[in-house]
Amino acid sequence: MGQLIQCVPNFSEGRDAKVIEGLLDVAQSVEGVTLIDASSDESHHRTVVTLIGNPAGIEEIAVRLMRYAVEQIDLTAHQGEHPRMGAMDVCPLIPLKGITTEECVEVAKRIGQRASEGLALPIFLYEAAASVPARRNLARIRKGEFEAMANKLQQTEWQPDYGPSAPHPTAGVTAIGVRQPLVAFNVNLNTADLSIAQEIARSVRGSSGGFKHCKAIGVMLEDQQIAQVSMNMTDTQKLPLYRVFECIKLEAKRYGVSILSSEIIGLTPGQALADSAAYYLQLKTFDYQQQVIENHLI
């Protein structure tokens, strides 16, 4: 099957069906790349697309999608619950098969070079592709969001890796990175009080003293009138989903609320789900590789 990369671009559009439909058409326009998932959320005002393909195909599809986002998405009219700084906000690459992290970094750099030249779009490299340690953390790059980028890019330490030192007037700034698989995991609470979700997010995220491999924010789902703890779980082998879920359940009791539901956005490693199933079923022993039928199919 050769080299395979997973690409999970996030777009700052979750409401306009016509724009989203066009986005998915572009996502299926390159031979050697397969669209395997797409998820749009009106409250977050965001669409997440998951693609798998060879390095050349991923490079081409990322540039095409970035071009489409620049042409179709206007951040001056964008308001949503999820932080954002660009029309294509982020574009992470994940090495899947037959390719190293270092090789994926080279793909990320080629994408950044091509997009910056053709679209006058500032590009930052993050995580394993970061040019300096301060840019490994995506949250630091995105801080201030679209509205603050004009001033931020004037600072010496925030000169983009590629492109002009000013954000695109409507498409902002894009970050391209290389990372390991993460799980986008959201927990919905039976309350419309956003402050409760924000407090719970603060208690579980690593940056404020919670779990090292958890990034979390509290958001409001206006269409459902419920608050949500929205998370990125960056290493489910070291921090399983059930552990954070149980912690959120415990923290919610402090405020007299409970969990309504949870959701996974995009793809997840099967092991992450199997670990949670084993926990809740109280399996004494369970070997995911050996005891799951699908793992023996060729």
# chains A, B, ... in the order shown; residues from 1 in each chain; ligands from 1
call {"tool": "residues_around", "arguments": {"residues": "range 203-207 of chain A", "least_positions_apart": "3", "cutoff": "9 Å", "atoms": "only C-alpha atoms", "output": "VMD selection string"}}
result
chain A and resid 198 to 200 210 to 217 231 244 247 to 248 251
call {"tool": "closest_atom_pairs", "arguments": {"of": "range 62-175 of chain A", "to": "range 1-23 of chain A", "cutoff": "6 Å", "atoms": "only C-alpha atoms", "output": "tab-separated table"}}
result
residue	atom	partner	partner_atom	distance
A:Ala87	CA	A:Ser12	CA	5.2
A:Met88	CA	A:Phe11	CA	4.5
A:Asp89	CA	A:Asn10	CA	5.6
A:Val90	CA	A:Asn10	CA	5.4
A:Cys91	CA	A:Pro9	CA	4.2
A:Pro92	CA	A:Val8	CA	5.6
A:Leu93	CA	A:Cys7	CA	4.7
A:Ile94	CA	A:Gln6	CA	4.9
A:Pro95	CA	A:Ile5	CA	4.9
A:Leu96	CA	A:Ile5	CA	5.3
A:Lys97	CA	A:Leu4	CA	5.0
A:Gly98	CA	A:Gln3	CA	4.5
A:Ile99	CA	A:Gln3	CA	5.5
call {"tool": "residues_around", "arguments": {"residues": "Gly80 in chain A", "least_positions_apart": "3", "cutoff": "7 Å", "atoms": "only C-alpha atoms", "output": "NGL selection string"}}
result
:A and (43-45)
call {"tool": "select_by_dssp", "arguments": {"residues": "range 137-254 of chain A", "states": "strand (DSSP E)", "output": "PyMOL selection string"}}
result
chain A and resi 174-178+183-189+214-221+226-233
call {"tool": "write_last_selection", "arguments": {"atoms": "N, CA and C atoms", "output": "short mmCIF file (atom, residue, chain, number, x, y, z; two decimals), in the first residue's frame"}}
result
data_model
loop_
_atom_site.label_atom_id
_atom_site.label_comp_id
_atom_site.auth_asym_id
_atom_site.auth_seq_id
_atom_site.Cartn_x
_atom_site.Cartn_y
_atom_site.Cartn_z
N THR A 174 -3.13 30.33 8.68
CA THR A 174 -3.29 28.87 8.76
C THR A 174 -2.07 28.25 9.44
N ALA A 175 -2.33 27.24 10.26
CA ALA A 175 -1.24 26.48 10.89
C ALA A 175 -1.22 25.07 10.30
N ILE A 176 -0.03 24.62 9.92
CA ILE A 176 0.16 23.27 9.39
C ILE A 176 1.10 22.54 10.34
N GLY A 177 0.72 21.34 10.74
CA GLY A 177 1.54 20.63 11.71
C GLY A 177 1.65 19.15 11.42
N VAL A 178 2.50 18.51 12.19
CA VAL A 178 2.66 17.06 12.14
C VAL A 178 2.56 16.56 13.57
N VAL A 183 -7.76 12.27 19.71
CA VAL A 183 -9.20 12.04 19.68
C VAL A 183 -9.91 13.33 20.08
N ALA A 184 -10.76 13.84 19.18
CA ALA A 184 -11.60 14.99 19.50
C ALA A 184 -12.82 14.47 20.24
N PHE A 185 -12.88 14.72 21.54
CA PHE A 185 -13.86 14.10 22.43
C PHE A 185 -14.62 15.19 23.16
N ASN A 186 -15.94 15.22 22.99
CA ASN A 186 -16.78 16.24 23.60
C ASN A 186 -17.77 15.60 24.56
N VAL A 187 -18.00 16.26 25.69
CA VAL A 187 -18.97 15.79 26.68
C VAL A 187 -20.02 16.87 26.90
N ASN A 188 -21.29 16.51 26.68
CA ASN A 188 -22.40 17.44 26.80
C ASN A 188 -23.04 17.34 28.18
N LEU A 189 -23.34 18.49 28.79
CA LEU A 189 -23.89 18.55 30.13
C LEU A 189 -25.35 18.98 30.10
N CYS A 214 -4.61 16.24 27.92
CA CYS A 214 -5.96 16.73 27.64
C CYS A 214 -5.95 18.24 27.44
N LYS A 215 -6.53 18.68 26.32
CA LYS A 215 -6.78 20.09 26.07
C LYS A 215 -8.30 20.28 26.10
N ALA A 216 -8.79 21.26 26.84
CA ALA A 216 -10.23 21.38 27.02
C ALA A 216 -10.68 22.83 27.12
N ILE A 217 -11.86 23.09 26.57
CA ILE A 217 -12.52 24.38 26.72
C ILE A 217 -14.00 24.13 26.97
N GLY A 218 -14.66 25.09 27.58
CA GLY A 218 -16.11 25.03 27.73
C GLY A 218 -16.77 25.85 26.65
N VAL A 219 -17.76 25.28 25.99
CA VAL A 219 -18.47 26.00 24.92
C VAL A 219 -19.97 25.83 25.11
N MET A 220 -20.73 26.71 24.45
CA MET A 220 -22.19 26.67 24.51
C MET A 220 -22.73 26.21 23.17
N LEU A 221 -23.55 25.18 23.18
CA LEU A 221 -24.23 24.72 21.97
C LEU A 221 -25.57 25.44 21.90
N ILE A 226 -27.34 23.73 25.54
CA ILE A 226 -26.59 22.96 26.52
C ILE A 226 -25.12 23.37 26.47
N ALA A 227 -24.44 23.21 27.58
CA ALA A 227 -23.01 23.51 27.66
C ALA A 227 -22.22 22.24 27.39
N GLN A 228 -21.04 22.43 26.85
CA GLN A 228 -20.22 21.30 26.43
C GLN A 228 -18.77 21.49 26.90
N VAL A 229 -18.16 20.39 27.33
CA VAL A 229 -16.72 20.37 27.55
C VAL A 229 -16.11 19.77 26.29
N SER A 230 -15.42 20.59 25.53
CA SER A 230 -14.86 20.19 24.24
C SER A 230 -13.36 19.94 24.41
N MET A 231 -12.92 18.73 24.02
CA MET A 231 -11.55 18.33 24.33
C MET A 231 -10.81 17.75 23.13
N ASN A 232 -9.51 17.91 23.15
CA ASN A 232 -8.60 17.15 22.32
C ASN A 232 -7.77 16.26 23.25
N MET A 233 -7.89 14.97 23.05
CA MET A 233 -7.14 13.99 23.83
C MET A 233 -5.91 13.61 23.01
#
